[in-house]
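Below is one structure, written out as structure tokens, with a few remarks after it.
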Amino acid sequence: METVNIKINGIDVAAPKNSTILEAAKLANIDIPTLCYLKDINEIGACRMCVVEVKGARGLAAACVYPVNEGMEVFTNTPKVLDYRKTTLKLILSDHKMSCLSCVRSGNCELLELCRDLGVEATDEYAGVKNQFELDTTAVHMIRDNEKCILCRRCSAVCEKVQGIGVIGANERGFATEMTSPFGLGLATTSCVNCGQCIAVCPVGAIYEKTAADEVLAAINNPEKHVVVQAAPAVRAALGEEFGYEIGTNVQGKLAAALRRIGFEKVFDTNFSADLTIMEESNELLERIEKGGKLPLITSCSPGWINYCEHYFPELTENLSSCKSPQQMFGAVAKTYYAEKMGWDPKDVVCVSIMPCTAKKGELARDDQNAAGVQDVDYSMTTRELARLIKRMGIDFKALPDEGFDSPLGSGTGAAVIFGVTGGVMEAALRTAVWKLTGEKDGTPIEFKEVRGMEGIKEATYEVAGLKVNVAVASGLANANKLLRKIESGEANYQFVEIMGCPGGCVNGGGQPQVHARIRNFTDIRAERGKALYSIDEKNTLRFSHENPDVQALYKEYLEKPGSHKAHEILHTTYVKKKVHDYKI
Amino acid sequence: MSSKICSVPFKGTKEQEAQLKAIIDSLRDQRGCLMPIMQKAQGIYGYLPIEVQTFIADELNIPLEKVYGVATFYSQFSLYPKGEYKISVCLGTACYVKGSGDVYEKLMEKLGIAGGECTADGKFSLDACRCIGACGLAPVMTINDDVYGKLTVDKLDEILAKYN
């Protein structure tokens with residue numbers, strides 16, 4: 001690698017050619033503060049927080065976009081630089097809603113941290129008119145409070161570039177500039193897919209999920225209700241971050257223990273219904289291949305992706321697996337099979353899900369998701385909401401023992417837990433499909449490493465029992481868009497496709513703990529969290545979904561076999577063809 | 001949320017749409033074609049309502065937000081049509097000093113619209129302008145080609161009544 005030699009604060013640094021001052025400084029362990037900068041997503045040098053002195057240069061340079069040159073001398077913490085940054089912060093604060101005491105981001109606000117580090121107090125030095133913006137509460141999953149917005153544009157950048165959607169942006173001009181959806185109609189009227197990636201990248205508390213915590217606690221305290229909870233695979237790979245664990249720490253045991261201490265009557269695992277999904281979906285795949293059904297079959301676990309497909313590729317809804325997502329399958333089974341087993345009236349069962357996802361909140365109220373005549377799942381909470389609830393309930397998370405999930409809806413195989421990472425649903429389905437195609441023998445291959453990894457699009461071809469199966473995996477909706485265009489144009493011929501709405505899959509979902517840009521810009525958090533899931537899979541004695549004994553029992557006692565009439569009634573759903581721009585005036 | 005959608009019903013015709021479509025087709029392969037297309041669209045319709053912006057977005061296969069962001073950034077683009085009677089209040093220095101700011105505010109209140117907008121019946125639109133060269137009559141406003149000078153807020157009802 002070609003390098004250039006520069007000096008930063010007097011320290012010699014050999015930085016890769018074409019790197020920025022910010023990246024070079026990182027090599028010398030010098031932290032330059034940023035606010036708007038997000039690597040590969042928002043590189044606009046707009047907030048001026050990262051300014052540094054460059055010897056010989058006119059004015060101060062924005063380190064996030066300024067490339068290094070041979071012999072360059074940079075100073076990152078001179079009085080001039082620090083003073084400039086302080087002024088910038090004071091100007092931001094002069095039009096910032098000072099609700100820090102109750103703000104959801106108080107503990108991990110990037111703006112607050114900078115003010116503290118640079119010694120900026122709330123001051124009236126630049127007091128003047130403050131913008132008065134309306135809250136946007138129209139969306140099912142989130143609230144936007146533009147009085148806290150600092151106009152960094154991280155949200156619109158991730159929406160447009162990473163997700164290829166672009167339903168929010170900077171509107172109006174100058175002081176009146178506001179991040180909104182067009183024509184002040186509110187996010188709900190747009191083709192927003194509810195992925196929540198905007199929330200995940202917001203440096204402040206301007207965007208946050210609508211919380212179900214109070215309703216969930218009320219249900220728990222209602223003696224007439226049976227409140228059961230399920231936790232998605234990706235939650236265990238990230239929840240620990242909220243309690244000081246390193247990124248990629250598996251906290252499955254403490255997660256179960258915490259849920260039990262919050263007061264849930266039964267603590268279950270979405271891994272159970274992930275295994276169930278594989279039973280249904282691999283059956284659907286083989287059926288479509290054998291009977292000449294619509295191919296490629298495309299997975300349906302990710303509600304952000306489902307929303308995207310309905311709005312942006314309505315014709316391809318026919319390719320979607322009719323399987324409900326694992327969250328919904330869980331609720332459906334909990335309120336039918338399990339409620340019957342327990343002698344509970346489905347109306348008295350409150351099903352709560354803990355999800356790495358904000359789109360799951362929208363999935364709850366979809367049509368055709370009410371197997372027992374009542375909504376399959378009642379409340380969906382994000383990983384972040386759960387962390388706050390654990391703190392609210394006075395639970396010392398780190399001191400919790402490792403506990404297991406309850407039986408029977410708490411058992412999951414290794415195939416289920418990798419649902420939380422891109423390629424995981426594909427791999428889990430391949431395990432069971434290959435097993436079926438090759439005569440249900442022992443020694444079926446377990447690992448399909450071609451579909452693992454953080455690349456946006458992955459392709460592989462497998463020859464199984466004389467059958468050639470082309471598969472593809474995409475995560476992040478801009479990547480999905482590329483893949484779907486190839487399918488629509490006939491350029492690619494796949495039999496099975498996995499799509500997850502968020503880049504890297506659920507581990508990087510819009511409901512996961514927010515990671516400070518300082519870490520995010522230099523660490524692939526998706527890969528770290530993904531590793532935790534692969535390691536759980538590897539250690540599991542059961543690694544095929546069809547080996548899950550409780551899933552086997554469910555079929556034996558209730559559903560008969562995958563794809564049966566009853567399975568269709570309870571576990572499958574339908575989709576709607578929509579348009580990209582379909583506002584109602 | 002308060003909608004920024006124009007309350008004047010959209011009266012675009014098939015001919016106008018065909019005209020806009022032809023313009024988009026001739027420009028769509030050019031880099032940076034959005035603004036010229038929007039300018040021409042405003043030329044055709046007189047303003048850029050949600051119907052026209054959505055048509056442009058769908059044709060160019062870009063988000064509506066992209067079009068709307070540009071439309072609200074540049075003051076030359078308007079989300080609202082001009083009324084049958086175009087009221088223009090001079091906010092130039094002389095008029096402003098003589099109280100045209102109050103006149104402008106009062107008109108917004110009386111018409112129930114903000115500057116740049118049009119009343120729902122399509123009758124009046126209200127804009128601010130800079131010096132029209134009649135400083136001796138300050139404060140001044142025009143309604144179409146009629147000029148009104150030495151204005152006070154008390155005179156507005158009488159003036160507006162002429163056009164009702």
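The way I read the labels, and the way they are meant: chains A, B, ... in the order of the structure tokens, residue 1 as the first residue of every chain, and ligand 1 as the first ligand shown, with later ones counted on from there.
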
Sorted per-residue table, chain A near chain B, closest atoms and distance, 12 Å, only C-alpha atoms, as JSON lines:
{"residue": "A:Phe133", "atom": "CA", "partner": "B:Met1", "partner_atom": "CA", "distance": 9.7}
{"residue": "A:Glu134", "atom": "CA", "partner": "B:Met1", "partner_atom": "CA", "distance": 6.6}
{"residue": "A:Leu135", "atom": "CA", "partner": "B:Met1", "partner_atom": "CA", "distance": 7.3}
{"residue": "A:Asp136", "atom": "CA", "partner": "B:Met1", "partner_atom": "CA", "distance": 6.2}
{"residue": "A:Thr137", "atom": "CA", "partner": "B:Met1", "partner_atom": "CA", "distance": 8.1}
{"residue": "A:Thr138", "atom": "CA", "partner": "B:Met1", "partner_atom": "CA", "distance": 7.8}
{"residue": "A:Ala139", "atom": "CA", "partner": "B:Met1", "partner_atom": "CA", "distance": 11.1}
{"residue": "A:Ile143", "atom": "CA", "partner": "B:Met1", "partner_atom": "CA", "distance": 11.8}
{"residue": "A:Arg144", "atom": "CA", "partner": "B:Met1", "partner_atom": "CA", "distance": 11.1}
{"residue": "A:Asp145", "atom": "CA", "partner": "B:Met1", "partner_atom": "CA", "distance": 11.8}
{"residue": "A:Ser156", "atom": "CA", "partner": "B:Glu65", "partner_atom": "CA", "distance": 10.1}
{"residue": "A:Cys159", "atom": "CA", "partner": "B:Pro63", "partner_atom": "CA", "distance": 10.8}
{"residue": "A:Glu160", "atom": "CA", "partner": "B:Pro63", "partner_atom": "CA", "distance": 8.7}
{"residue": "A:Lys161", "atom": "CA", "partner": "B:Pro63", "partner_atom": "CA", "distance": 11.8}
{"residue": "A:Gly164", "atom": "CA", "partner": "B:Pro63", "partner_atom": "CA", "distance": 9.1}
{"residue": "A:Ile165", "atom": "CA", "partner": "B:Pro63", "partner_atom": "CA", "distance": 7.0}
{"residue": "A:Gly166", "atom": "CA", "partner": "B:Pro63", "partner_atom": "CA", "distance": 5.8}
{"residue": "A:Val167", "atom": "CA", "partner": "B:Glu65", "partner_atom": "CA", "distance": 5.7}
{"residue": "A:Ile168", "atom": "CA", "partner": "B:Glu65", "partner_atom": "CA", "distance": 6.2}
{"residue": "A:Gly169", "atom": "CA", "partner": "B:Glu65", "partner_atom": "CA", "distance": 6.3}
{"residue": "A:Ala170", "atom": "CA", "partner": "B:Gly69", "partner_atom": "CA", "distance": 6.1}
{"residue": "A:Asn171", "atom": "CA", "partner": "B:Gly69", "partner_atom": "CA", "distance": 4.7}
{"residue": "A:Glu172", "atom": "CA", "partner": "B:Thr72", "partner_atom": "CA", "distance": 4.6}
{"residue": "A:Arg173", "atom": "CA", "partner": "B:Phe73", "partner_atom": "CA", "distance": 5.1}
{"residue": "A:Gly174", "atom": "CA", "partner": "B:Phe73", "partner_atom": "CA", "distance": 8.5}
{"residue": "A:Phe175", "atom": "CA", "partner": "B:Phe73", "partner_atom": "CA", "distance": 11.5}
{"residue": "A:Ala176", "atom": "CA", "partner": "B:Phe73", "partner_atom": "CA", "distance": 10.0}
{"residue": "A:Thr177", "atom": "CA", "partner": "B:Phe73", "partner_atom": "CA", "distance": 8.6}
{"residue": "A:Glu178", "atom": "CA", "partner": "B:Gly69", "partner_atom": "CA", "distance": 10.0}
{"residue": "A:Met179", "atom": "CA", "partner": "B:Gly69", "partner_atom": "CA", "distance": 9.6}
{"residue": "A:Thr180", "atom": "CA", "partner": "B:Glu65", "partner_atom": "CA", "distance": 8.6}
{"residue": "A:Ser181", "atom": "CA", "partner": "B:Glu65", "partner_atom": "CA", "distance": 6.3}
{"residue": "A:Pro182", "atom": "CA", "partner": "B:Glu65", "partner_atom": "CA", "distance": 5.2}
{"residue": "A:Phe183", "atom": "CA", "partner": "B:Lys4", "partner_atom": "CA", "distance": 4.7}
{"residue": "A:Gly184", "atom": "CA", "partner": "B:Ser3", "partner_atom": "CA", "distance": 4.7}
{"residue": "A:Leu185", "atom": "CA", "partner": "B:Ser3", "partner_atom": "CA", "distance": 5.2}
{"residue": "A:Gly186", "atom": "CA", "partner": "B:Met1", "partner_atom": "CA", "distance": 5.9}
{"residue": "A:Leu187", "atom": "CA", "partner": "B:Met1", "partner_atom": "CA", "distance": 9.5}
{"residue": "A:Ala188", "atom": "CA", "partner": "B:Met1", "partner_atom": "CA", "distance": 10.5}
{"residue": "A:Thr189", "atom": "CA", "partner": "B:Met1", "partner_atom": "CA", "distance": 10.9}
{"residue": "A:Thr190", "atom": "CA", "partner": "B:Leu64", "partner_atom": "CA", "distance": 9.1}
{"residue": "A:Ser191", "atom": "CA", "partner": "B:Pro63", "partner_atom": "CA", "distance": 9.5}
{"residue": "A:Cys192", "atom": "CA", "partner": "B:Pro63", "partner_atom": "CA", "distance": 10.9}
{"residue": "A:Tyr312", "atom": "CA", "partner": "B:Asn61", "partner_atom": "CA", "distance": 10.6}
{"residue": "A:Lys579", "atom": "CA", "partner": "B:Asp58", "partner_atom": "CA", "distance": 10.1}
{"residue": "A:Val580", "atom": "CA", "partner": "B:Asp58", "partner_atom": "CA", "distance": 8.2}
{"residue": "A:His581", "atom": "CA", "partner": "B:Thr54", "partner_atom": "CA", "distance": 6.9}
{"residue": "A:Asp582", "atom": "CA", "partner": "B:Thr54", "partner_atom": "CA", "distance": 9.3}
{"residue": "A:Tyr583", "atom": "CA", "partner": "B:Ile50", "partner_atom": "CA", "distance": 9.5}
{"residue": "A:Lys584", "atom": "CA", "partner": "B:Ile50", "partner_atom": "CA", "distance": 10.8}
{"residue": "A:Ile585", "atom": "CA", "partner": "B:Ile5", "partner_atom": "CA", "distance": 7.8}

Polymer residues at most 6 Å from A:Met355, only C-alpha atoms, same-chain spacing of 2 or more positions, as a PyMOL selection string: chain A and resi 232+357+381-383

For those residues, write N, CA and C atoms to a file as a short mmCIF file (atom, residue, chain, number, x, y, z; two decimals), in the first residue's frame.
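The resulting file, part_19.cif, is reproduced below:
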data_model
loop_
_atom_site.label_atom_id
_atom_site.label_comp_id
_atom_site.auth_asym_id
_atom_site.auth_seq_id
_atom_site.Cartn_x
_atom_site.Cartn_y
_atom_site.Cartn_z
N ALA A 232 -35.83 -11.96 19.55
CA ALA A 232 -35.26 -12.32 18.25
C ALA A 232 -33.78 -12.67 18.38
N CYS A 357 -35.50 -4.37 15.47
CA CYS A 357 -36.16 -3.85 14.27
C CYS A 357 -37.24 -2.87 14.65
N MET A 381 -41.14 -4.46 20.81
CA MET A 381 -40.20 -3.49 21.38
C MET A 381 -38.82 -3.69 20.77
N THR A 382 -38.08 -2.60 20.60
CA THR A 382 -36.73 -2.71 20.06
C THR A 382 -35.76 -3.14 21.15
N THR A 383 -34.56 -3.54 20.74
CA THR A 383 -33.50 -3.87 21.68
C THR A 383 -33.24 -2.68 22.61
#

Long-range neighbours of stretch 479-496 of chain A as an mmCIF file with N, CA and C atoms, in the first residue's frame, 9 Å cut-off, only C-alpha atoms, 6 positions minimum in chain:
data_model
loop_
_atom_site.group_PDB
_atom_site.id
_atom_site.type_symbol
_atom_site.label_atom_id
_atom_site.label_comp_id
_atom_site.auth_asym_id
_atom_site.auth_seq_id
_atom_site.Cartn_x
_atom_site.Cartn_y
_atom_site.Cartn_z
ATOM 1 N N VAL A 162 -28.004 4.185 1.357
ATOM 2 C CA VAL A 162 -27.889 2.796 1.806
ATOM 3 C C VAL A 162 -29.175 2.029 1.517
ATOM 4 N N GLN A 163 -30.310 2.713 1.684
ATOM 5 C CA GLN A 163 -31.584 2.034 1.494
ATOM 6 C C GLN A 163 -32.222 2.350 0.144
ATOM 7 N N GLY A 164 -31.696 3.338 -0.556
ATOM 8 C CA GLY A 164 -32.234 3.636 -1.885
ATOM 9 C C GLY A 164 -33.675 4.111 -1.865
ATOM 10 N N LEU A 285 -40.167 -23.900 -1.011
ATOM 11 C CA LEU A 285 -39.152 -23.828 -2.071
ATOM 12 C C LEU A 285 -39.165 -25.095 -2.918
ATOM 13 N N ILE A 289 -40.205 -25.534 -6.848
ATOM 14 C CA ILE A 289 -39.272 -26.093 -7.836
ATOM 15 C C ILE A 289 -39.911 -27.301 -8.522
ATOM 16 N N LEU A 295 -40.670 -18.610 -9.380
ATOM 17 C CA LEU A 295 -39.291 -18.570 -8.885
ATOM 18 C C LEU A 295 -38.608 -17.296 -9.378
ATOM 19 N N PRO A 296 -37.596 -16.775 -8.713
ATOM 20 C CA PRO A 296 -37.093 -17.284 -7.447
ATOM 21 C C PRO A 296 -38.073 -17.066 -6.298
ATOM 22 N N LEU A 297 -37.980 -17.972 -5.339
ATOM 23 C CA LEU A 297 -38.685 -17.743 -4.086
ATOM 24 C C LEU A 297 -37.857 -16.725 -3.291
ATOM 25 N N ILE A 298 -38.513 -15.711 -2.772
ATOM 26 C CA ILE A 298 -37.778 -14.696 -2.003
ATOM 27 C C ILE A 298 -38.272 -14.717 -0.556
ATOM 28 N N THR A 299 -37.331 -14.627 0.372
ATOM 29 C CA THR A 299 -37.670 -14.752 1.791
ATOM 30 C C THR A 299 -38.561 -13.595 2.258
ATOM 31 N N TRP A 305 -38.083 -5.107 4.310
ATOM 32 C CA TRP A 305 -37.989 -5.607 2.933
ATOM 33 C C TRP A 305 -39.374 -5.827 2.336
ATOM 34 N N TYR A 312 -42.052 -0.808 -4.093
ATOM 35 C CA TYR A 312 -41.099 -0.541 -5.176
ATOM 36 C C TYR A 312 -41.039 -1.649 -6.225
ATOM 37 N N PHE A 313 -41.349 -2.874 -5.848
ATOM 38 C CA PHE A 313 -41.355 -3.976 -6.807
ATOM 39 C C PHE A 313 -42.645 -4.794 -6.643
ATOM 40 N N LEU A 316 -43.090 -8.302 -7.922
ATOM 41 C CA LEU A 316 -42.328 -9.390 -7.302
ATOM 42 C C LEU A 316 -42.956 -9.888 -6.003
ATOM 43 N N MET A 426 -30.916 -17.946 4.411
ATOM 44 C CA MET A 426 -30.543 -18.765 3.257
ATOM 45 C C MET A 426 -29.834 -20.037 3.716
ATOM 46 N N GLY A 456 -22.680 -6.708 0.197
ATOM 47 C CA GLY A 456 -24.086 -6.351 0.011
ATOM 48 C C GLY A 456 -24.868 -7.370 -0.797
ATOM 49 N N ILE A 457 -24.175 -7.987 -1.784
ATOM 50 C CA ILE A 457 -24.833 -8.997 -2.618
ATOM 51 C C ILE A 457 -23.921 -10.217 -2.711
ATOM 52 N N THR A 461 -23.930 -21.136 -6.341
ATOM 53 C CA THR A 461 -24.665 -22.198 -7.031
ATOM 54 C C THR A 461 -24.363 -23.510 -6.338
ATOM 55 N N VAL A 469 -29.077 -25.414 -8.050
ATOM 56 C CA VAL A 469 -29.813 -24.334 -7.389
ATOM 57 C C VAL A 469 -28.955 -23.074 -7.346
ATOM 58 N N ASN A 470 -29.421 -22.026 -8.025
ATOM 59 C CA ASN A 470 -28.736 -20.735 -7.960
ATOM 60 C C ASN A 470 -29.376 -19.903 -6.860
ATOM 61 N N VAL A 471 -28.544 -19.404 -5.971
ATOM 62 C CA VAL A 471 -29.099 -18.595 -4.888
ATOM 63 C C VAL A 471 -28.417 -17.231 -4.851
ATOM 64 N N ALA A 472 -29.097 -16.260 -4.256
ATOM 65 C CA ALA A 472 -28.511 -14.937 -4.061
ATOM 66 C C ALA A 472 -29.002 -14.370 -2.745
ATOM 67 N N VAL A 473 -28.141 -13.541 -2.141
ATOM 68 C CA VAL A 473 -28.453 -12.935 -0.854
ATOM 69 C C VAL A 473 -28.145 -11.442 -0.952
ATOM 70 N N PRO A 503 -28.617 -3.264 6.145
ATOM 71 C CA PRO A 503 -27.316 -3.734 5.681
ATOM 72 C C PRO A 503 -26.644 -4.630 6.722
#

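The space between atom CA of A:Pro513 and atom CA of A:Glu385 spans 9.2 Å.
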
Selection near B:Gly92, 10 Å with only C-alpha atoms, sequence-local residues under 5 positions removed, as a ChimeraX atom specification: /B:97-98,100-101,128-133,135,138-140

Export C-alpha atoms of the chosen residues as a PDB file, in the first residue's frame?
ATOM      1  CA  VAL B  97     -39.995  52.187   6.613  1.00  0.00           C
ATOM      2  CA  LYS B  98     -43.471  53.570   5.926  1.00  0.00           C
ATOM      3  CA  SER B 100     -45.614  48.050   4.349  1.00  0.00           C
ATOM      4  CA  GLY B 101     -44.614  45.185   6.647  1.00  0.00           C
ATOM      5  CA  ALA B 128     -43.820  40.460  -1.493  1.00  0.00           C
ATOM      6  CA  CYS B 129     -41.758  42.391  -4.003  1.00  0.00           C
ATOM      7  CA  ARG B 130     -38.900  44.819  -3.908  1.00  0.00           C
ATOM      8  CA  CYS B 131     -38.990  48.486  -5.038  1.00  0.00           C
ATOM      9  CA  ILE B 132     -41.413  49.196  -7.885  1.00  0.00           C
ATOM     10  CA  GLY B 133     -40.154  52.761  -8.300  1.00  0.00           C
ATOM     11  CA  CYS B 135     -41.362  55.427  -3.431  1.00  0.00           C
ATOM     12  CA  ALA B 138     -44.924  54.561  -0.081  1.00  0.00           C
ATOM     13  CA  PRO B 139     -46.159  52.206   1.148  1.00  0.00           C
ATOM     14  CA  VAL B 140     -47.261  50.687  -2.140  1.00  0.00           C
TER      15      VAL B 140
END
